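> entry_17.csv is reproduced in full below (CSV, C-alpha atoms).
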chain,number,residue,atom,x,y,z
A,210,MET,CA,0.0,0.0,0.0
A,211,THR,CA,1.3,3.5,-0.9
A,212,GLU,CA,2.2,5.6,2.1
A,213,PRO,CA,0.1,8.8,2.5
A,214,ASP,CA,1.8,12.0,1.4
A,215,GLU,CA,2.1,14.0,4.6
A,216,LEU,CA,3.2,17.1,2.7
A,217,TYR,CA,0.4,16.9,0.2
A,218,THR,CA,-1.6,19.9,1.5
A,219,MET,CA,1.5,22.1,2.1
A,220,ARG,CA,2.9,21.3,-1.3
A,221,ASN,CA,-0.3,22.2,-3.1
A,222,LEU,CA,-0.8,25.3,-1.1
A,223,PHE,CA,2.6,26.5,-2.1
A,224,TRP,CA,2.3,25.6,-5.8
A,225,LEU,CA,-1.0,27.5,-6.0
A,226,GLY,CA,0.2,30.6,-4.4
A,227,ASN,CA,-1.3,30.3,-0.9
A,228,TYR,CA,2.1,31.0,0.7
A,229,GLN,CA,1.0,32.0,4.2
A,230,LEU,CA,-1.4,29.0,4.4
A,231,ALA,CA,1.5,26.8,3.4
A,232,ILE,CA,3.6,28.2,6.3
A,233,ASN,CA,0.7,27.7,8.7
A,234,GLU,CA,0.3,24.1,7.5
A,235,SER,CA,3.9,23.5,8.2
A,236,ASN,CA,3.4,24.5,11.9
A,237,SER,CA,1.0,21.6,12.3
A,238,LEU,CA,3.4,19.0,10.9
A,239,HIS,CA,5.1,17.9,14.2
A,240,ARG,CA,5.5,14.2,13.6
A,241,LEU,CA,6.9,13.9,10.1
A,242,ALA,CA,9.1,11.0,9.1
A,243,LYS,CA,12.7,12.2,9.5
A,244,HIS,CA,13.4,12.3,5.7
A,245,LEU,CA,10.5,14.7,5.2
A,246,ASN,CA,11.7,17.4,7.6
A,247,PRO,CA,14.2,18.9,5.1
A,248,ILE,CA,11.5,19.0,2.3
A,249,ARG,CA,9.0,20.7,4.7
A,250,ASP,CA,11.7,23.3,5.4
A,251,GLU,CA,12.3,23.9,1.7
A,252,PHE,CA,8.6,24.8,1.2
A,253,VAL,CA,8.6,27.0,4.3
A,254,TYR,CA,11.6,29.0,3.2
A,255,ARG,CA,10.3,29.2,-0.4
A,256,SER,CA,7.0,30.5,0.9
A,257,TYR,CA,8.9,33.2,2.8
A,258,LEU,CA,10.7,34.1,-0.3
A,259,ALA,CA,7.5,34.4,-2.2
A,260,LEU,CA,6.1,36.7,0.5
A,261,GLY,CA,9.3,38.9,0.2
A,262,GLN,CA,10.5,37.9,3.7
A,263,TYR,CA,14.1,37.6,2.6
A,264,ASP,CA,15.7,38.4,6.0
A,265,ILE,CA,14.0,35.5,7.6
A,266,VAL,CA,15.5,33.1,5.1
A,267,ILE,CA,19.0,34.6,5.2
A,268,GLY,CA,19.0,34.7,9.0
A,269,GLU,CA,17.7,31.2,9.6
A,270,ILE,CA,19.6,29.2,6.9
A,271,GLN,CA,23.2,28.7,7.7
A,272,ASP,CA,25.7,28.8,4.9
A,273,THR,CA,27.7,25.8,5.9
A,274,PRO,CA,28.5,22.4,4.2
A,275,SER,CA,26.3,20.6,6.6
A,276,THR,CA,23.2,22.6,5.5
A,277,PRO,CA,21.2,20.7,2.8
A,278,LEU,CA,22.0,21.7,-0.7
A,279,ALA,CA,18.4,22.9,-1.4
A,280,LEU,CA,18.5,25.3,1.6
A,281,ARG,CA,21.9,26.7,0.6
A,282,ALA,CA,20.5,27.4,-2.9
A,283,ILE,CA,17.4,29.0,-1.4
A,284,ARG,CA,19.6,31.2,0.8
A,285,GLN,CA,21.5,32.4,-2.3
A,286,LEU,CA,18.2,33.3,-4.0
A,287,ALA,CA,17.2,35.3,-0.9
A,288,LEU,CA,20.5,37.2,-1.0
A,289,TYR,CA,20.0,38.0,-4.7
A,290,LEU,CA,16.3,39.1,-4.4
A,291,SER,CA,17.1,41.2,-1.4
A,292,LYS,CA,19.9,42.9,-3.4
A,293,LYS,CA,22.5,41.9,-0.8
A,294,SER,CA,24.4,40.0,-3.5
A,295,SER,CA,24.8,40.7,-7.2
A,296,TYR,CA,23.7,38.5,-10.0
A,297,GLU,CA,27.3,37.6,-10.8
A,298,VAL,CA,28.2,36.7,-7.2
A,299,VAL,CA,25.1,34.5,-6.7
A,300,LEU,CA,25.5,32.8,-10.0
A,301,SER,CA,29.1,32.0,-9.2
A,302,ASN,CA,28.1,30.6,-5.8
A,303,LEU,CA,25.4,28.4,-7.4
A,304,GLU,CA,27.8,27.2,-10.0
A,305,ALA,CA,30.2,26.2,-7.2
A,306,LEU,CA,27.4,23.8,-6.0
A,307,ALA,CA,26.9,22.3,-9.5
A,308,ASP,CA,29.1,19.2,-8.9
A,309,GLU,CA,27.2,18.4,-5.6
A,310,ALA,CA,23.9,18.8,-7.4
A,311,SER,CA,24.9,16.4,-10.2
A,312,LYS,CA,25.6,13.7,-7.6
A,313,THR,CA,22.2,13.6,-6.0
A,314,SER,CA,18.7,12.8,-7.2
A,315,GLN,CA,17.3,15.4,-4.8
A,316,ALA,CA,18.5,18.6,-6.5
A,317,THR,CA,15.2,19.9,-7.9
A,318,ILE,CA,15.3,23.1,-5.7
A,319,TYR,CA,18.9,23.8,-6.7
A,320,TYR,CA,18.0,23.7,-10.4
A,321,LEU,CA,14.8,25.8,-9.8
A,322,VAL,CA,16.9,28.4,-8.0
A,323,LEU,CA,19.5,28.4,-10.8
A,324,ALA,CA,16.8,28.8,-13.4
A,325,THR,CA,15.1,31.6,-11.4
A,326,VAL,CA,18.4,33.6,-11.1
A,327,HIS,CA,19.0,33.2,-14.8
A,328,VAL,CA,15.4,34.6,-15.5
A,329,HIS,CA,16.1,37.6,-13.3
A,330,GLY,CA,19.3,38.1,-15.3
A,331,ASP,CA,17.3,38.0,-18.6
A,332,ASN,CA,19.0,34.8,-19.6
A,333,ILE,CA,16.0,32.7,-20.5
A,334,LYS,CA,18.0,30.2,-22.6
A,335,ASP,CA,20.3,29.2,-19.6
A,336,ALA,CA,17.2,29.1,-17.4
A,337,LEU,CA,15.6,26.6,-19.7
A,338,ILE,CA,18.8,24.5,-19.7
A,339,ALA,CA,18.7,24.5,-15.9
A,340,THR,CA,15.2,23.0,-15.9
A,341,GLU,CA,16.7,20.0,-17.7
A,342,GLY,CA,18.8,19.2,-14.6
A,343,GLN,CA,16.4,16.6,-13.4
A,344,SER,CA,13.0,15.3,-14.5
A,345,THR,CA,10.5,16.4,-11.9
A,346,LEU,CA,7.0,18.0,-12.1
A,347,GLU,CA,8.2,21.3,-10.6
A,348,LEU,CA,11.1,21.7,-13.1
A,349,SER,CA,8.8,20.7,-16.0
A,350,ALA,CA,6.2,23.3,-14.9
A,351,TYR,CA,8.8,26.0,-14.8
A,352,ALA,CA,10.0,24.9,-18.3
A,353,VAL,CA,6.4,25.3,-19.5
A,354,GLN,CA,6.4,28.9,-18.2
A,355,LEU,CA,9.7,29.6,-19.9
A,356,LEU,CA,8.7,28.1,-23.2
A,357,LEU,CA,5.5,30.1,-23.3
A,358,ARG,CA,7.5,33.2,-22.5
A,359,MET,CA,9.8,32.3,-25.4
A,360,ASP,CA,6.7,32.0,-27.7
A,361,ARG,CA,7.2,28.3,-28.1
A,362,PRO,CA,3.7,26.9,-27.1
A,363,ASP,CA,4.4,23.8,-29.2
A,364,LEU,CA,7.3,22.9,-27.0
A,365,ALA,CA,5.3,23.9,-23.9
A,366,GLN,CA,2.7,21.4,-25.0
A,367,GLN,CA,5.3,18.7,-25.2
A,368,ARG,CA,6.6,19.4,-21.7
A,369,LEU,CA,3.0,19.4,-20.4
A,370,ALA,CA,2.4,16.0,-22.0
A,371,LEU,CA,5.4,14.7,-20.0
A,372,MET,CA,3.9,16.1,-16.8
A,373,LYS,CA,0.5,14.5,-17.6
A,374,SER,CA,2.3,11.1,-18.1
A,375,VAL,CA,3.8,11.4,-14.7
A,376,ASP,CA,0.8,12.7,-12.7
A,377,GLU,CA,-2.2,14.1,-14.7
A,378,ASP,CA,-4.2,14.8,-11.5
A,379,SER,CA,-1.5,16.9,-9.8
A,380,ALA,CA,-2.5,20.5,-9.0
A,381,LEU,CA,0.7,21.6,-10.6
A,382,THR,CA,-0.1,19.7,-13.8
A,383,GLN,CA,-3.6,21.2,-13.8
A,384,LEU,CA,-2.1,24.7,-13.3
A,385,ALA,CA,0.3,24.2,-16.2
A,386,THR,CA,-2.6,22.9,-18.3
A,387,ALA,CA,-4.4,26.2,-17.7
A,388,TRP,CA,-1.3,28.2,-18.8
A,389,VAL,CA,-1.0,26.3,-22.0
A,390,SER,CA,-4.7,26.3,-22.7
A,391,MET,CA,-4.8,30.1,-22.5
A,392,ARG,CA,-2.1,30.3,-25.1
A,393,THR,CA,-3.2,27.6,-27.5
A,394,GLY,CA,-6.8,26.9,-27.1
A,395,GLY,CA,-8.6,30.0,-28.3
A,396,ALA,CA,-12.0,30.7,-26.8
A,397,LYS,CA,-12.4,27.0,-25.8
A,398,GLY,CA,-9.0,27.1,-24.1
A,399,MET,CA,-9.8,30.2,-22.1
A,400,ALA,CA,-13.0,28.6,-20.9
A,401,GLU,CA,-11.0,25.4,-19.9
A,402,ALA,CA,-8.4,27.5,-18.1
A,403,ALA,CA,-11.2,29.4,-16.2
A,404,ASN,CA,-12.7,26.1,-15.1
A,405,ILE,CA,-9.3,24.9,-13.9
A,406,TYR,CA,-8.7,28.1,-11.9
A,407,GLU,CA,-12.1,27.9,-10.3
A,408,ASP,CA,-11.7,24.2,-9.5
A,409,LEU,CA,-8.3,24.7,-7.9
A,410,SER,CA,-9.6,27.7,-5.9
A,411,GLU,CA,-12.5,25.6,-4.5
A,412,LYS,CA,-10.2,22.8,-3.5
A,413,TYR,CA,-7.2,24.8,-2.0
A,414,GLY,CA,-8.4,28.3,-1.5
A,415,ALA,CA,-8.5,31.3,-3.9
A,416,SER,CA,-5.0,32.7,-3.9
A,417,VAL,CA,-3.9,35.9,-5.6
A,418,MET,CA,-2.3,33.8,-8.3
A,419,LEU,CA,-5.4,31.8,-9.0
A,420,MET,CA,-7.7,34.8,-9.0
A,421,THR,CA,-5.4,36.7,-11.3
A,422,GLY,CA,-5.2,33.7,-13.7
A,423,LEU,CA,-9.0,33.5,-13.6
A,424,ALA,CA,-9.4,37.2,-14.3
A,425,VAL,CA,-7.1,37.0,-17.3
A,426,SER,CA,-9.0,34.1,-18.8
A,427,LYS,CA,-12.2,36.1,-18.3
A,428,MET,CA,-10.6,39.2,-20.0
A,429,HIS,CA,-9.8,37.1,-23.0
A,430,GLN,CA,-13.4,36.0,-23.2
A,431,GLY,CA,-14.5,39.6,-23.1
A,432,LEU,CA,-16.0,39.3,-19.6
A,433,PHE,CA,-14.4,42.4,-18.2
A,434,ASP,CA,-16.9,42.9,-15.4
A,435,GLU,CA,-16.2,39.4,-14.1
A,436,ALA,CA,-12.5,40.0,-14.5
A,437,GLU,CA,-12.7,43.2,-12.5
A,438,THR,CA,-14.5,41.4,-9.6
A,439,HIS,CA,-11.8,38.7,-9.4
A,440,LEU,CA,-8.9,41.3,-9.6
A,441,GLN,CA,-10.5,43.4,-6.8
A,442,GLU,CA,-10.8,40.3,-4.6
A,443,ALA,CA,-7.1,39.6,-5.3
A,444,LEU,CA,-6.1,43.2,-4.5
A,445,ASN,CA,-8.0,42.9,-1.2
A,446,LYS,CA,-5.6,40.1,-0.3
A,447,ASP,CA,-2.4,41.8,-1.7
A,448,PRO,CA,-2.9,45.5,-2.6
A,449,SER,CA,0.6,45.8,-4.1
A,450,ASN,CA,0.6,42.7,-6.3
A,451,ALA,CA,2.1,43.9,-9.6
A,452,ASP,CA,0.3,41.4,-11.9
A,453,CYS,CA,-3.0,42.3,-10.3
A,454,LEU,CA,-2.4,46.0,-10.7
A,455,ALA,CA,-1.3,45.6,-14.3
A,456,ASN,CA,-4.4,43.6,-15.2
A,457,ILE,CA,-6.8,45.8,-13.4
A,458,ILE,CA,-5.4,48.8,-15.3
A,459,THR,CA,-6.1,47.0,-18.6
A,460,VAL,CA,-9.6,46.0,-17.4
A,461,SER,CA,-10.3,49.6,-16.3
A,462,TYR,CA,-9.5,50.9,-19.8
A,463,HIS,CA,-11.9,48.4,-21.3
A,464,LEU,CA,-14.6,49.4,-18.8
A,465,ASP,CA,-14.1,53.1,-19.4
A,466,LYS,CA,-13.2,53.8,-15.8
A,467,PRO,CA,-12.6,57.5,-14.9
A,468,PRO,CA,-9.0,58.6,-15.7
A,469,GLU,CA,-8.3,59.4,-12.0
A,470,VAL,CA,-9.1,55.8,-11.1
A,471,ILE,CA,-6.8,54.4,-13.7
A,472,ALA,CA,-4.1,56.9,-12.7
A,473,ARG,CA,-4.2,55.7,-9.1
A,474,PHE,CA,-3.6,52.1,-10.2
A,475,VAL,CA,-0.8,53.2,-12.5
A,476,SER,CA,0.8,55.1,-9.6
A,477,GLN,CA,0.5,52.0,-7.4
A,478,LEU,CA,2.1,49.8,-10.1
A,479,ARG,CA,4.9,52.4,-10.7
A,480,ASN,CA,5.7,52.4,-7.0
A,481,LYS,CA,5.7,48.6,-6.7
A,482,ALA,CA,7.3,47.6,-10.0
A,483,PRO,CA,8.7,50.6,-11.9
A,484,GLU,CA,10.1,48.3,-14.6
A,485,HIS,CA,6.9,46.4,-15.4
A,486,PRO,CA,6.3,45.9,-19.1
A,487,LEU,CA,2.9,47.5,-19.0
A,488,LEU,CA,4.4,50.8,-17.7
A,489,GLN,CA,7.0,50.7,-20.4
A,490,GLY,CA,4.2,50.3,-23.0
A,491,LEU,CA,2.2,53.2,-21.5
A,492,THR,CA,5.4,55.3,-21.5
A,493,ASN,CA,6.0,54.5,-25.2
A,494,PHE,CA,2.4,55.3,-26.0
A,495,GLU,CA,2.4,58.6,-24.2
A,496,SER,CA,5.7,59.6,-25.9
A,497,ALA,CA,4.3,58.7,-29.3
A,498,TYR,CA,1.1,60.7,-28.5
A,499,ASP,CA,3.1,63.7,-27.4
A,500,ARG,CA,5.2,63.6,-30.7
A,501,VAL,CA,2.1,63.4,-32.9
A,502,THR,CA,0.4,66.2,-30.9
A,503,ALA,CA,3.5,68.4,-31.3
A,504,GLN,CA,3.7,67.7,-35.0
A,505,LEU,CA,0.0,68.5,-35.5
A,506,ALA,CA,0.4,71.7,-33.5
A,507,GLY,CA,3.5,72.7,-35.6
A,508,GLY,CA,1.5,72.1,-38.8
A,509,ASN,CA,-1.0,74.6,-37.7
Would you put the structure from the file into structure tokens?


Amino acid sequence: MTEPDELYTMRNLFWLGNYQLAINESNSLHRLAKHLNPIRDEFVYRSYLALGQYDIVIGEIQDTPSTPLALRAIRQLALYLSKKSSYEVVLSNLEALADEASKTSQATIYYLVLATVHVHGDNIKDALIATEGQSTLELSAYAVQLLLRMDRPDLAQQRLALMKSVDEDSALTQLATAWVSMRTGGAKGMAEAANIYEDLSEKYGASVMLMTGLAVSKMHQGLFDEAETHLQEALNKDPSNADCLANIITVSYHLDKPPEVIARFVSQLRNKAPEHPLLQGLTNFESAYDRVTAQLAGGN
């Protein structure tokens, strides 16, 4: 008989963006089998990273050879995200761990961290290579994200097929299915993605990630009022979430919201994520508009 997965709930809460709930769940796991304790710690510290609590991670994980490889990698990511170490330094430190990672079958987190650092350094190609380090659902899911970002939905579908062959019912596989469906399935795919987001929310709780994904699928179906409702609910949970703010700006334009309302959202996004692609697009549009206006004024 297969042993019950004692980390099932915590793992799924993390994957679906319910980071504080994942931490809370960890506090109830007092009698884990010894080999599961390090895995629990990995999810706890990754949850703190996702919440932006970098100092907790840096302060609690010791940078010593006796510390598990995954935790040392997580600490390096915390140093990078907190801007306490540069891209070059962190990448060098991670590469120094490559030989150790190659000798263990439990190096998923190491490769995920390596890929994440490469993404932050705008090196998508090397990030994708890092996901080939080992064959696991998490690495495959990250590869799906990267391939979609590279505009290779055909390859993303292949990687998703691999995930389904391993565990079609996994929440992570379902989440990846929603991502791919939104890129490749047209109206039917958007509806399928919306159903997945709603189903996962019912099972594990409506995280900001899931509500944002649901809102985007509704936007692509032209259901902007519904999208606005989901984004407002997400912002109630996390008022400074950059993805939520960017999407509610788009929705607000479609719903002809007052300029001052849109301006407030733009200001919030600018404060939270000044380099967000949407802001760059707005800046380019405003610059082009000003040039055309000036030319027209000069012509008169």

> Rounded to one decimal, what separation in Å do you get between CA of Ile457 (chain A) and CA of Leu440 (chain A)?

6.3 Å

> If you measure from CA of Val460 (chain A) to CA of Phe474 (chain A), what distance in Å do you get, rounded to one decimal?

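Separating CA of Val460 (chain A) from CA of Phe474 (chain A) is a distance of 11.2 Å.
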
> Figure out the distance between CA of Arg392 (chain A) and CA of Asp363 (chain A), please, to one decimal in Å.

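That distance, rounded to one decimal, is 10.1 Å.
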
> So, counting all atoms listed in the file, which residue among A:Ile248, A:Ala282, A:Ala443, A:Ala402 is closest to Thr421 (chain A)?

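Nearest candidate to Thr421 (chain A) out of A:Ile248, A:Ala282, A:Ala443, A:Ala402: A:Ala443.
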
> Select, from A:Pro486, A:Pro362, A:Pro277, A:Gly414, the residue with the minimum atom-to-atom distance to Ile318 (chain A), counting only C-alpha atoms.

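Of A:Pro486, A:Pro362, A:Pro277, A:Gly414, the one nearest Ile318 (chain A), counting only C-alpha atoms, is A:Pro277.
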
> Extract, using all atoms listed in the file, all DNA, RNA and protein residues at most 9 Å from Asp272 (chain A), discarding same-chain residues fewer than 6 positions from it, and format them as an MDAnalysis selection string.

chainID A and resid 280:281 284
